[in-house]
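Peer 1: You'll find data-v2.csv just under this line, and it carries CSV, C-alpha atoms.
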```csv
chain,number,residue,atom,x,y,z
A,1,MET,CA,-26.5,11.2,24.7
A,2,PRO,CA,-24.5,8.0,23.9
A,3,ARG,CA,-20.9,8.2,25.0
A,4,ASP,CA,-19.4,5.0,23.9
A,5,ALA,CA,-19.3,2.6,21.0
A,6,ALA,CA,-21.5,-0.1,22.6
A,7,GLU,CA,-24.4,2.3,23.2
A,8,LEU,CA,-24.1,3.7,19.7
A,9,ALA,CA,-24.1,0.2,18.2
A,10,TYR,CA,-27.2,-0.7,20.3
A,11,ARG,CA,-29.1,2.4,19.1
A,12,LEU,CA,-28.2,1.6,15.5
A,13,ALA,CA,-29.3,-2.0,15.9
A,14,ARG,CA,-32.8,-0.8,16.9
A,15,GLU,CA,-32.9,0.9,13.4
A,16,ALA,CA,-31.0,-1.9,11.6
A,17,GLU,CA,-33.2,-1.9,8.5
A,18,ALA,CA,-33.1,1.9,8.1
A,19,VAL,CA,-29.3,1.8,8.6
A,20,CYS,CA,-29.0,-0.8,5.9
A,21,ARG,CA,-31.2,1.0,3.4
A,22,HIS,CA,-29.1,4.1,3.9
A,23,TYR,CA,-25.5,2.8,4.0
A,24,LEU,CA,-26.0,-0.5,2.1
A,25,SER,CA,-28.4,0.8,-0.6
A,26,ASN,CA,-27.2,-1.8,-3.2
A,27,GLY,CA,-28.7,-4.6,-1.1
A,28,ARG,CA,-32.2,-5.7,-0.3
A,29,ARG,CA,-34.2,-7.3,2.5
A,30,VAL,CA,-34.7,-11.1,2.4
A,31,GLY,CA,-36.7,-12.3,5.4
A,32,ASN,CA,-34.9,-11.4,8.6
A,33,TYR,CA,-31.7,-10.3,6.8
A,34,TRP,CA,-30.3,-7.6,4.6
A,35,LEU,CA,-28.3,-9.1,1.8
A,36,VAL,CA,-25.5,-7.1,-0.1
A,37,GLY,CA,-22.2,-7.8,-1.7
A,38,ASP,CA,-19.9,-6.6,1.0
A,39,VAL,CA,-19.6,-4.0,3.8
A,40,ARG,CA,-18.5,-1.4,1.2
A,41,ASN,CA,-22.0,-1.5,-0.4
A,42,THR,CA,-21.1,-3.6,-3.5
A,43,SER,CA,-23.9,-5.3,-5.2
A,44,GLY,CA,-24.2,-9.0,-4.4
A,45,ARG,CA,-25.5,-11.5,-1.8
A,46,SER,CA,-22.5,-12.7,0.2
A,47,MET,CA,-22.9,-10.4,3.2
A,48,PHE,CA,-26.0,-10.7,5.4
A,49,VAL,CA,-27.0,-8.3,8.2
A,50,ARG,CA,-29.5,-9.5,10.9
A,51,LEU,CA,-32.3,-7.0,11.0
A,52,LYS,CA,-34.1,-8.3,14.2
A,53,GLY,CA,-32.8,-10.1,17.2
A,54,GLY,CA,-34.5,-13.3,18.4
A,55,ASP,CA,-34.1,-17.0,18.7
A,56,ILE,CA,-32.7,-17.6,15.2
A,57,GLY,CA,-29.1,-18.3,16.0
A,58,GLY,CA,-29.3,-16.3,19.1
A,59,ARG,CA,-27.5,-13.3,17.5
A,60,PRO,CA,-28.7,-9.7,18.1
A,61,ALA,CA,-29.9,-7.3,15.4
A,62,GLY,CA,-27.2,-5.3,13.6
A,63,LYS,CA,-24.6,-8.1,13.5
A,64,TRP,CA,-23.3,-9.0,10.0
A,65,THR,CA,-21.1,-11.6,8.4
A,66,ASP,CA,-19.6,-11.8,4.9
A,67,ALA,CA,-19.7,-15.4,3.9
A,68,ALA,CA,-17.2,-14.9,1.1
A,69,THR,CA,-14.4,-13.3,3.2
A,70,GLY,CA,-15.2,-14.2,6.8
A,71,GLU,CA,-15.5,-10.5,7.8
A,72,HIS,CA,-18.0,-9.7,10.5
A,73,GLY,CA,-18.9,-6.8,12.7
A,74,ASP,CA,-21.7,-4.4,13.7
A,75,LEU,CA,-23.4,-1.4,12.2
A,76,LEU,CA,-20.6,1.0,13.3
A,77,ASP,CA,-18.3,-1.1,11.0
A,78,VAL,CA,-20.8,-0.7,8.2
A,79,ILE,CA,-20.7,3.1,8.6
A,80,ARG,CA,-16.9,3.1,8.8
A,81,GLU,CA,-16.4,1.0,5.7
A,82,SER,CA,-19.2,2.3,3.5
A,83,CYS,CA,-18.2,5.9,4.1
A,84,GLY,CA,-14.5,5.4,3.9
A,85,LEU,CA,-13.8,6.8,7.4
A,86,VAL,CA,-10.7,6.2,9.4
A,87,ASP,CA,-11.0,7.8,12.9
A,88,PHE,CA,-13.6,6.4,15.3
A,89,GLN,CA,-14.6,10.0,16.2
A,90,ASP,CA,-15.7,10.5,12.6
A,91,VAL,CA,-17.6,7.2,12.6
A,92,ALA,CA,-19.3,8.1,15.9
A,93,ASP,CA,-20.3,11.5,14.6
A,94,GLU,CA,-21.7,10.0,11.4
A,95,ALA,CA,-23.7,7.5,13.5
A,96,ARG,CA,-25.0,10.4,15.7
A,97,ARG,CA,-26.0,12.3,12.6
A,98,PHE,CA,-27.9,9.4,11.3
A,99,LEU,CA,-29.6,8.9,14.7
A,100,SER,CA,-30.3,12.7,15.0
A,101,LEU,CA,-28.2,12.9,18.1
A,102,PRO,CA,-25.8,15.7,19.0
A,103,ARG,CA,-22.1,15.1,18.6
A,104,SER,CA,-20.3,14.2,21.8
A,105,GLU,CA,-17.5,16.7,21.6
A,106,PRO,CA,-18.1,19.5,19.1
A,107,LYS,CA,-14.8,20.9,17.8
A,108,SER,CA,-14.1,23.9,15.7
A,109,ASP,CA,-11.6,22.0,13.6
A,110,HIS,CA,-13.8,18.8,13.2
A,111,ARG,CA,-13.2,17.1,9.9
A,112,SER,CA,-16.4,16.5,7.9
A,113,ARG,CA,-17.2,13.1,6.4
A,114,PRO,CA,-15.0,12.7,3.3
A,115,PRO,CA,-16.9,12.3,0.1
A,116,PRO,CA,-16.7,9.0,-1.8
A,117,VAL,CA,-13.8,8.8,-4.3
A,118,PRO,CA,-13.5,6.6,-7.4
A,119,THR,CA,-11.8,3.3,-6.9
A,120,GLY,CA,-8.2,3.3,-8.0
A,121,SER,CA,-8.0,7.1,-8.1
A,122,PRO,CA,-5.1,9.2,-6.7
A,123,GLU,CA,-7.3,10.3,-3.8
A,124,SER,CA,-8.2,6.7,-3.1
A,125,ALA,CA,-4.4,5.9,-3.1
A,126,ARG,CA,-3.7,8.7,-0.7
A,127,ARG,CA,-6.4,7.5,1.7
A,128,LEU,CA,-5.1,4.0,1.6
A,129,PHE,CA,-1.6,5.1,2.4
A,130,ALA,CA,-2.9,7.4,5.2
A,131,MET,CA,-4.8,4.5,6.7
A,132,SER,CA,-1.7,2.3,6.8
A,133,GLN,CA,1.1,2.1,9.4
A,134,PRO,CA,4.9,2.2,9.5
A,135,ILE,CA,6.5,-1.2,8.6
A,136,ALA,CA,8.7,-1.6,11.8
A,137,GLY,CA,7.7,-4.7,13.6
A,138,THR,CA,5.1,-5.8,11.0
A,139,ILE,CA,5.0,-8.7,8.6
A,140,VAL,CA,6.2,-6.2,5.9
A,141,GLU,CA,9.5,-6.2,7.8
A,142,THR,CA,9.4,-10.0,8.0
A,143,TYR,CA,8.8,-10.2,4.3
A,144,LEU,CA,11.7,-7.9,3.3
A,145,ARG,CA,14.1,-9.5,5.7
A,146,GLY,CA,13.2,-12.8,4.3
A,147,ARG,CA,14.4,-11.5,1.0
A,148,VAL,CA,17.7,-10.5,2.7
A,149,ILE,CA,16.8,-6.8,2.6
A,150,THR,CA,18.2,-5.6,5.9
A,151,ASN,CA,18.6,-1.8,5.5
A,152,LEU,CA,15.1,-0.7,6.5
A,153,ASP,CA,15.8,2.6,8.1
A,154,GLY,CA,14.2,5.7,6.7
A,155,ILE,CA,11.9,3.9,4.2
A,156,ASP,CA,9.0,6.3,4.7
A,157,SER,CA,7.5,5.5,1.3
A,158,LEU,CA,6.5,2.0,2.5
A,159,ARG,CA,3.7,1.2,5.0
A,160,PHE,CA,1.8,-1.8,6.3
A,161,GLN,CA,-2.0,-2.3,5.9
A,162,PRO,CA,-3.2,-5.3,7.9
A,163,ARG,CA,-6.6,-5.4,6.1
A,164,CYS,CA,-6.2,-4.6,2.4
A,165,TYR,CA,-9.1,-5.5,0.1
A,166,TYR,CA,-8.4,-7.7,-2.9
A,167,ARG,CA,-10.8,-8.7,-5.6
A,168,PRO,CA,-9.6,-11.2,-8.2
A,169,GLU,CA,-12.2,-9.9,-10.7
A,170,ALA,CA,-14.7,-7.1,-10.8
A,171,ASP,CA,-17.6,-9.4,-10.0
A,172,ALA,CA,-15.7,-11.7,-7.6
A,173,PRO,CA,-16.1,-11.6,-3.8
A,174,THR,CA,-13.8,-9.3,-1.9
A,175,GLU,CA,-10.9,-10.9,0.0
A,176,ILE,CA,-8.9,-9.3,2.8
A,177,TRP,CA,-5.1,-9.8,3.1
A,178,PRO,CA,-2.3,-8.0,4.8
A,179,ALA,CA,-0.3,-5.9,2.3
A,180,MET,CA,2.8,-3.8,1.8
A,181,ILE,CA,1.7,-0.3,0.6
A,182,ALA,CA,4.1,1.8,-1.4
A,183,ALA,CA,3.4,5.5,-2.1
A,184,VAL,CA,3.9,6.6,-5.7
A,185,THR,CA,4.9,10.2,-5.8
A,186,ASP,CA,5.7,13.0,-8.3
A,187,LEU,CA,8.9,15.1,-8.3
A,188,GLN,CA,7.4,17.4,-5.7
A,189,GLY,CA,6.7,14.5,-3.3
A,190,HIS,CA,2.9,14.5,-3.8
A,191,ILE,CA,1.2,11.1,-3.7
A,192,THR,CA,-0.3,10.2,-7.1
A,193,GLY,CA,-0.8,6.5,-6.7
A,194,ALA,CA,-0.1,3.5,-4.5
A,195,HIS,CA,1.3,0.0,-5.1
A,196,ARG,CA,0.0,-3.0,-3.1
A,197,THR,CA,1.9,-6.2,-2.5
A,198,TRP,CA,-0.5,-8.6,-0.7
A,199,LEU,CA,1.3,-10.9,1.7
A,200,ASP,CA,0.8,-14.2,3.4
A,201,PRO,CA,-0.2,-13.6,7.0
A,202,SER,CA,3.1,-15.3,8.1
A,203,GLY,CA,5.1,-12.6,6.2
A,204,HIS,CA,7.3,-15.3,4.6
A,205,ASP,CA,6.0,-14.8,1.1
A,206,LYS,CA,3.4,-13.0,-1.0
A,207,ALA,CA,-0.2,-14.0,-0.6
A,208,PRO,CA,-1.3,-17.1,-2.5
A,209,ILE,CA,-3.5,-15.2,-4.9
A,210,ASP,CA,-3.4,-14.7,-8.7
A,211,THR,CA,-2.1,-11.2,-8.8
A,212,PRO,CA,-0.4,-10.3,-5.5
A,213,ARG,CA,0.9,-7.0,-6.9
A,214,ARG,CA,-1.3,-4.2,-8.2
A,215,ALA,CA,-0.9,-0.5,-8.6
A,216,MET,CA,-3.6,2.3,-8.5
A,217,GLY,CA,-3.7,6.0,-9.3
A,218,HIS,CA,-1.6,8.0,-11.7
A,219,LEU,CA,1.7,6.2,-12.3
A,220,LEU,CA,3.1,7.5,-15.6
A,221,GLY,CA,6.3,9.5,-15.0
A,222,HIS,CA,6.1,8.9,-11.2
A,223,ALA,CA,7.7,6.3,-8.9
A,224,VAL,CA,8.2,4.9,-5.4
A,225,ARG,CA,11.1,7.0,-4.0
A,226,PHE,CA,13.9,6.1,-1.5
A,227,GLY,CA,15.8,9.2,-0.5
A,228,PRO,CA,15.6,12.8,-1.8
A,229,ALA,CA,16.5,13.7,-5.4
A,230,SER,CA,20.2,14.3,-6.0
A,231,ASP,CA,22.6,14.7,-8.9
A,232,VAL,CA,23.2,11.0,-8.9
A,233,MET,CA,20.3,8.5,-8.8
A,234,ALA,CA,19.4,4.9,-9.5
A,235,ALA,CA,16.2,3.8,-11.1
A,236,GLY,CA,14.8,0.3,-11.7
A,237,GLU,CA,11.5,-1.6,-11.9
A,238,GLY,CA,10.8,-3.4,-8.7
A,239,ILE,CA,10.6,-2.3,-5.1
A,240,GLU,CA,12.6,-5.3,-3.8
A,241,THR,CA,15.2,-4.8,-6.6
A,242,MET,CA,15.9,-1.2,-5.6
A,243,LEU,CA,15.9,-2.0,-1.9
A,244,SER,CA,18.5,-4.6,-2.6
A,245,LEU,CA,20.7,-2.0,-4.3
A,246,ARG,CA,20.0,0.3,-1.3
A,247,CYS,CA,21.5,-2.4,1.0
A,248,VAL,CA,24.8,-2.0,-0.9
A,249,ILE,CA,24.6,1.8,-1.6
A,250,PRO,CA,22.4,3.2,1.3
A,251,SER,CA,23.3,6.9,0.6
A,252,MET,CA,22.2,7.0,-3.1
A,253,ALA,CA,18.8,8.3,-4.1
A,254,MET,CA,16.7,5.5,-5.7
A,255,ILE,CA,13.3,5.1,-7.4
A,256,ALA,CA,11.2,2.0,-8.3
A,257,ALA,CA,9.1,2.6,-11.4
A,258,LEU,CA,7.0,-0.6,-10.8
A,259,SER,CA,7.1,-1.9,-14.4
A,260,ALA,CA,9.2,-1.9,-17.5
A,261,ALA,CA,6.8,0.5,-19.3
A,262,HIS,CA,6.8,3.0,-16.4
A,263,LEU,CA,10.6,2.8,-16.0
A,264,ARG,CA,11.0,3.9,-19.6
A,265,ALA,CA,8.8,7.0,-18.8
A,266,ILE,CA,10.1,8.3,-15.5
A,267,LEU,CA,10.5,12.0,-15.1
A,268,PHE,CA,14.0,13.4,-14.4
A,269,PRO,CA,14.7,15.8,-11.4
A,270,ALA,CA,16.2,19.1,-12.5
A,271,VAL,CA,19.4,18.3,-10.4
A,272,LEU,CA,20.0,14.9,-12.0
A,273,ARG,CA,23.4,14.6,-13.8
A,274,ARG,CA,24.0,10.8,-13.7
A,275,LEU,CA,21.5,8.0,-13.8
A,276,TYR,CA,22.2,4.4,-13.0
A,277,ILE,CA,19.6,2.2,-14.7
A,278,VAL,CA,19.1,-1.1,-13.0
A,279,ARG,CA,18.4,-3.8,-15.5
A,280,ASP,CA,16.2,-6.8,-15.1
A,281,ASP,CA,17.3,-9.8,-17.2
A,282,ASP,CA,14.3,-10.2,-19.5
A,283,PRO,CA,13.2,-8.8,-22.8
A,284,ALA,CA,10.8,-6.3,-21.3
A,285,GLY,CA,13.6,-5.0,-19.0
A,286,ASP,CA,16.0,-4.7,-21.9
A,287,GLY,CA,13.5,-2.6,-23.9
A,288,ALA,CA,12.8,-0.3,-20.9
A,289,VAL,CA,16.6,0.2,-20.3
A,290,ALA,CA,17.2,1.1,-23.9
A,291,GLY,CA,14.4,3.6,-24.0
A,292,LEU,CA,15.3,5.2,-20.7
A,293,PHE,CA,19.0,5.3,-21.7
A,294,ASP,CA,18.2,7.2,-24.9
A,295,ARG,CA,15.9,9.7,-23.0
A,296,ALA,CA,18.5,10.4,-20.4
A,297,GLN,CA,21.3,10.9,-22.9
A,298,SER,CA,19.0,13.3,-24.9
A,299,ALA,CA,18.4,15.3,-21.7
A,300,GLY,CA,22.1,15.7,-21.1
A,301,ILE,CA,22.2,13.1,-18.3
A,302,GLU,CA,24.9,10.5,-18.2
A,303,ALA,CA,23.3,7.0,-18.2
A,304,ILE,CA,25.0,3.9,-16.9
A,305,VAL,CA,23.4,0.4,-16.9
A,306,LEU,CA,23.8,-1.9,-13.9
A,307,SER,CA,23.3,-5.5,-14.8
A,308,PRO,CA,22.5,-8.4,-12.3
A,309,GLN,CA,24.2,-11.8,-12.4
A,310,CYS,CA,20.9,-13.6,-12.0
A,311,GLU,CA,17.4,-12.4,-13.0
A,312,ASP,CA,17.5,-9.2,-10.8
A,313,LEU,CA,19.5,-7.7,-8.0
A,314,ASN,CA,17.3,-9.2,-5.3
A,315,GLU,CA,18.0,-12.6,-6.6
A,316,ASP,CA,21.7,-11.7,-6.6
A,317,LEU,CA,21.4,-10.6,-3.0
A,318,ARG,CA,19.7,-13.8,-2.0
A,319,HIS,CA,22.1,-16.1,-3.8
A,320,PHE,CA,25.4,-14.3,-3.0
A,321,ASP,CA,26.5,-12.5,0.1
A,322,ILE,CA,26.4,-8.7,0.2
A,323,ASN,CA,30.1,-8.4,-0.2
A,324,ALA,CA,30.0,-10.3,-3.5
A,325,LEU,CA,27.1,-8.1,-4.7
A,326,ARG,CA,29.1,-5.0,-3.8
A,327,ALA,CA,32.1,-6.2,-5.7
A,328,ALA,CA,30.0,-7.0,-8.8
A,329,LEU,CA,28.5,-3.5,-8.7
A,330,ARG,CA,31.7,-1.7,-8.0
A,331,ILE,CA,33.2,-2.5,-11.4
A,332,GLN,CA,30.1,-1.1,-13.1
A,333,PHE,CA,30.2,2.3,-11.3
A,334,ALA,CA,31.8,5.5,-12.5
A,335,PRO,CA,35.2,5.8,-10.6
A,336,ASP,CA,34.2,9.0,-8.7
A,337,ASP,CA,30.9,7.3,-7.6
A,338,VAL,CA,32.9,4.4,-6.2
A,339,ALA,CA,34.7,6.8,-3.9
A,340,ARG,CA,31.5,8.7,-3.1
A,341,PHE,CA,29.1,5.8,-2.5
A,342,LEU,CA,31.1,2.7,-2.0
A,343,SER,CA,34.1,3.8,0.1
A,344,THR,CA,34.5,3.0,3.8
A,345,SER,CA,33.8,6.7,4.7
A,346,ALA,CA,30.6,6.7,2.7
A,347,TRP,CA,29.4,3.5,4.5
A,348,THR,CA,30.3,5.1,7.9
A,349,GLU,CA,28.3,8.2,7.1
A,350,ALA,CA,25.3,6.2,5.8
A,351,GLY,CA,25.2,3.7,8.6
A,352,ASP,CA,26.5,0.2,7.8
A,353,GLU,CA,23.5,-1.9,9.0
A,354,ALA,CA,23.1,-3.2,5.4
A,355,GLY,CA,26.8,-4.0,5.1
A,356,THR,CA,26.5,-6.9,7.6
A,357,PRO,CA,25.9,-10.1,5.7
A,358,ALA,CA,22.5,-11.6,6.6
```
Write out the structure in this file as structure tokens.
Peer 2:
Amino acid sequence: MPRDAAELAYRLAREAEAVCRHYLSNGRRVGNYWLVGDVRNTSGRSMFVRLKGGDIGGRPAGKWTDAATGEHGDLLDVIRESCGLVDFQDVADEARRFLSLPRSEPKSDHRSRPPPVPTGSPESARRLFAMSQPIAGTIVETYLRGRVITNLDGIDSLRFQPRCYYRPEADAPTEIWPAMIAAVTDLQGHITGAHRTWLDPSGHDKAPIDTPRRAMGHLLGHAVRFGPASDVMAAGEGIETMLSLRCVIPSMAMIAALSAAHLRAILFPAVLRRLYIVRDDDPAGDGAVAGLFDRAQSAGIEAIVLSPQCEDLNEDLRHFDINALRAALRIQFAPDDVARFLSTSAWTEAGDEAGTPA
């Protein structure tokens, strides 16, 4: 019984064509290769799997390369990606099932192979978030700090995915970029979607692609949340915008709706009594603010608009020091919230990491 990845990969390579016909069924054999769109079984011809070892290039059977993305690997990687598996134990068990071998360590609580899910669905978003890692020490942290966002404690709704798939168009080759993954949740905290911000591998900017931001799943009414719901909350469009406000007011609950249209449609927590609406200085932002303001007032919630000096609060944070931003926001706050969220005692309780100018 094979006990490690190398032996499993060797056994799969001896059955390379059968593996490809099963897991890469949208491809076809051409000479000594199996051609398919990518390792996730998309139709196309950019990925090629060697079916037999030999003198041609000196590479063994089972090795594959995607000419469009530079991805490469073996047949264990094919099983992992085509089946949407995360843990190696699940990949190994699926390989053993295909090879008609017993599992290495039968467990009563073993998780079965997850069924395929539609691309862009809430379940797909949940899997992507689960497969990602905390942002501490990653290029997501580099990216946010580069935007002068320094208060990064307790941001559980953001994660880092080092290999996030990106496709410019439906029939275009798949690319792989690192990405900041944000969980979109409902009022009960259930993930309904995810937002991806693809990043340059240096972390100093977004990836140089046409649409570096995309959302997936069910978004209407939901948002990316920072902190538990409370009687006072702030809501705005962008993640960086709300994290900039959080640097100034770390103890206030905040949400990022991800677009002007979705900001207008956010659902209100039952405990909410006052809502600060963070405005982006553009026509779409003004329309969203007006619509949300009217909805809040109709629901008996006091609404107060916070306006930036530049295009948005992150631009304010980058152009002025944090003390200037705090002063500009202080005069827009309700007096009792100044004492509650902007006083020295409030900063001491929340932890004043963000209060130190970057």
Peer 1: So the first atom is CA of Arg318 (chain A) and the second is CA of Thr138 (chain A); what is the distance between them in Å, to one decimal place?
Peer 2: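 Taking CA of Arg318 (chain A) as the start and CA of Thr138 (chain A) as the end point, the length is 21.1 Å.
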Peer 1: Using CA of Ala324 (chain A) and CA of Asp205 (chain A) as the two end points, give the distance in Å to one decimal.
Peer 2: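 Interatomic distance, CA of Ala324 (chain A) to CA of Asp205 (chain A): 24.8 Å.
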Peer 1: One decimal, in Å: what's the spacing between CA of Gln161 (chain A) and CA of Ala16 (chain A)?
Peer 2: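 Rounded to one decimal, the two atoms are 29.6 Å apart.
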Peer 1: Would you kindly return, as a list in words, each protein, DNA or RNA residue with an atom no farther than 10 Å from any atom of Ile255 (chain A), considering only C-alpha atoms and excluding same-chain residues fewer than 3 positions away?
Peer 2: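 Returned residues: Val184, Thr185, His222, Ala223, Val224, Arg225, Phe226, Gly227, Pro228, Ala229, Met233, Ala234, Ala235, Gly236, Glu237, Gly238, Ile239, Met242, Leu243, Leu258, Leu263 and Ile266 of chain A.
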Peer 1: How would the residues just picked look written out with C-alpha atoms as an mmCIF file, keeping the file's coordinate frame?
Peer 2:
```
data_model
loop_
_atom_site.group_PDB
_atom_site.id
_atom_site.type_symbol
_atom_site.label_atom_id
_atom_site.label_comp_id
_atom_site.auth_asym_id
_atom_site.auth_seq_id
_atom_site.Cartn_x
_atom_site.Cartn_y
_atom_site.Cartn_z
ATOM 1 C CA VAL A 184 3.900 6.600 -5.700
ATOM 2 C CA THR A 185 4.900 10.200 -5.800
ATOM 3 C CA HIS A 222 6.100 8.900 -11.200
ATOM 4 C CA ALA A 223 7.700 6.300 -8.900
ATOM 5 C CA VAL A 224 8.200 4.900 -5.400
ATOM 6 C CA ARG A 225 11.100 7.000 -4.000
ATOM 7 C CA PHE A 226 13.900 6.100 -1.500
ATOM 8 C CA GLY A 227 15.800 9.200 -0.500
ATOM 9 C CA PRO A 228 15.600 12.800 -1.800
ATOM 10 C CA ALA A 229 16.500 13.700 -5.400
ATOM 11 C CA MET A 233 20.300 8.500 -8.800
ATOM 12 C CA ALA A 234 19.400 4.900 -9.500
ATOM 13 C CA ALA A 235 16.200 3.800 -11.100
ATOM 14 C CA GLY A 236 14.800 0.300 -11.700
ATOM 15 C CA GLU A 237 11.500 -1.600 -11.900
ATOM 16 C CA GLY A 238 10.800 -3.400 -8.700
ATOM 17 C CA ILE A 239 10.600 -2.300 -5.100
ATOM 18 C CA MET A 242 15.900 -1.200 -5.600
ATOM 19 C CA LEU A 243 15.900 -2.000 -1.900
ATOM 20 C CA LEU A 258 7.000 -0.600 -10.800
ATOM 21 C CA LEU A 263 10.600 2.800 -16.000
ATOM 22 C CA ILE A 266 10.100 8.300 -15.500
#
```
Peer 1: Return the single residue from A:Leu187, A:Leu245, A:Ile304, A:Cys310 that is closest to Leu267 (chain A), with distances computed using all atoms listed in the file.
Peer 2: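 Using all atoms listed in the file, Leu267 (chain A) sits closest to A:Leu187.
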Peer 1: So, with all atoms listed in the file as the atoms that count, which of A:Cys247, A:Met254, A:Ile176, A:Ala130 lies closest to Leu152 (chain A)?
Peer 2: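 Once distances to Leu152 (chain A) are computed over all atoms listed in the file, the minimum belongs to A:Cys247.
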Peer 1: Name all residues at most 12 Å from Gly62 (chain A) (count all atoms listed in the file; drop same-chain ones fewer than 6 positions away) and give them as a PyMOL selection string.
Peer 2: chain A and resi 6+8-20+32-34+48-54+72-79
Peer 1: Selection from above, C-alpha atoms, as a PDB file, in the frame of the given file, can you write it?
Peer 2:
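Result saved to again-v3.pdb:
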```pdb
ATOM      1  CA  ALA A   6     -21.500  -0.100  22.600  1.00  0.00           C
ATOM      2  CA  LEU A   8     -24.100   3.700  19.700  1.00  0.00           C
ATOM      3  CA  ALA A   9     -24.100   0.200  18.200  1.00  0.00           C
ATOM      4  CA  TYR A  10     -27.200  -0.700  20.300  1.00  0.00           C
ATOM      5  CA  ARG A  11     -29.100   2.400  19.100  1.00  0.00           C
ATOM      6  CA  LEU A  12     -28.200   1.600  15.500  1.00  0.00           C
ATOM      7  CA  ALA A  13     -29.300  -2.000  15.900  1.00  0.00           C
ATOM      8  CA  ARG A  14     -32.800  -0.800  16.900  1.00  0.00           C
ATOM      9  CA  GLU A  15     -32.900   0.900  13.400  1.00  0.00           C
ATOM     10  CA  ALA A  16     -31.000  -1.900  11.600  1.00  0.00           C
ATOM     11  CA  GLU A  17     -33.200  -1.900   8.500  1.00  0.00           C
ATOM     12  CA  ALA A  18     -33.100   1.900   8.100  1.00  0.00           C
ATOM     13  CA  VAL A  19     -29.300   1.800   8.600  1.00  0.00           C
ATOM     14  CA  CYS A  20     -29.000  -0.800   5.900  1.00  0.00           C
ATOM     15  CA  ASN A  32     -34.900 -11.400   8.600  1.00  0.00           C
ATOM     16  CA  TYR A  33     -31.700 -10.300   6.800  1.00  0.00           C
ATOM     17  CA  TRP A  34     -30.300  -7.600   4.600  1.00  0.00           C
ATOM     18  CA  PHE A  48     -26.000 -10.700   5.400  1.00  0.00           C
ATOM     19  CA  VAL A  49     -27.000  -8.300   8.200  1.00  0.00           C
ATOM     20  CA  ARG A  50     -29.500  -9.500  10.900  1.00  0.00           C
ATOM     21  CA  LEU A  51     -32.300  -7.000  11.000  1.00  0.00           C
ATOM     22  CA  LYS A  52     -34.100  -8.300  14.200  1.00  0.00           C
ATOM     23  CA  GLY A  53     -32.800 -10.100  17.200  1.00  0.00           C
ATOM     24  CA  GLY A  54     -34.500 -13.300  18.400  1.00  0.00           C
ATOM     25  CA  HIS A  72     -18.000  -9.700  10.500  1.00  0.00           C
ATOM     26  CA  GLY A  73     -18.900  -6.800  12.700  1.00  0.00           C
ATOM     27  CA  ASP A  74     -21.700  -4.400  13.700  1.00  0.00           C
ATOM     28  CA  LEU A  75     -23.400  -1.400  12.200  1.00  0.00           C
ATOM     29  CA  LEU A  76     -20.600   1.000  13.300  1.00  0.00           C
ATOM     30  CA  ASP A  77     -18.300  -1.100  11.000  1.00  0.00           C
ATOM     31  CA  VAL A  78     -20.800  -0.700   8.200  1.00  0.00           C
ATOM     32  CA  ILE A  79     -20.700   3.100   8.600  1.00  0.00           C
TER      33      ILE A  79
END
```
Peer 1: Can you work out which one of A:Arg246, A:Arg163, A:His218, A:Arg145 has the shortest atom-to-atom distance to Gly203 (chain A), counting only C-alpha atoms?
Peer 2: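 Result for the nearest residue to Gly203 (chain A): A:Arg145.
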Peer 1: Just the residues within 12 Å of Ile331 (chain A), please, counting all atoms listed in the file, with nothing from its chain fewer than 6 positions along; format it as a VMD selection string.
Peer 2: chain A and resid 304 to 307 324 to 325 337 to 338 342
Peer 1: Rank nothing, just name the residue among A:Ser121, A:Thr150, A:Ser43, A:Thr65 nearest to Ile322 (chain A), using all atoms listed in the file.
Peer 2: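 The shortest atom-to-atom distance to Ile322 (chain A) comes from A:Thr150.
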Peer 1: Taking 3 positions as the minimum chain separation for residues in the same chain, which residues sit within 7 Å of region 154-159 of chain A when counting only C-alpha atoms? Answer as a PyMOL selection string.
Peer 2: chain A and resi 132-135+180-183+224-226
Peer 1: For Glu7 (chain A), which residue out of A:Cys164, A:Ala303, A:Ala95, A:Ala334 is the nearest one, using all atoms listed in the file?
Peer 2: A:Ala95
Peer 1: Which protein, DNA or RNA residues have an atom at most 12 Å from (-2.7, 11.0, -6.4), counting all atoms listed in the file? List them as a VMD selection string.
Peer 2: chain A and resid 117 to 129 183 to 186 188 to 195 215 to 220 222 to 223
Peer 1: Using all atoms listed in the file, which of A:Asp280, A:Asp153, A:Glu141, A:Asp210 sits nearest Ala179 (chain A)?
Peer 2: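 Counting all atoms listed in the file, the residue closest to Ala179 (chain A) is A:Glu141.
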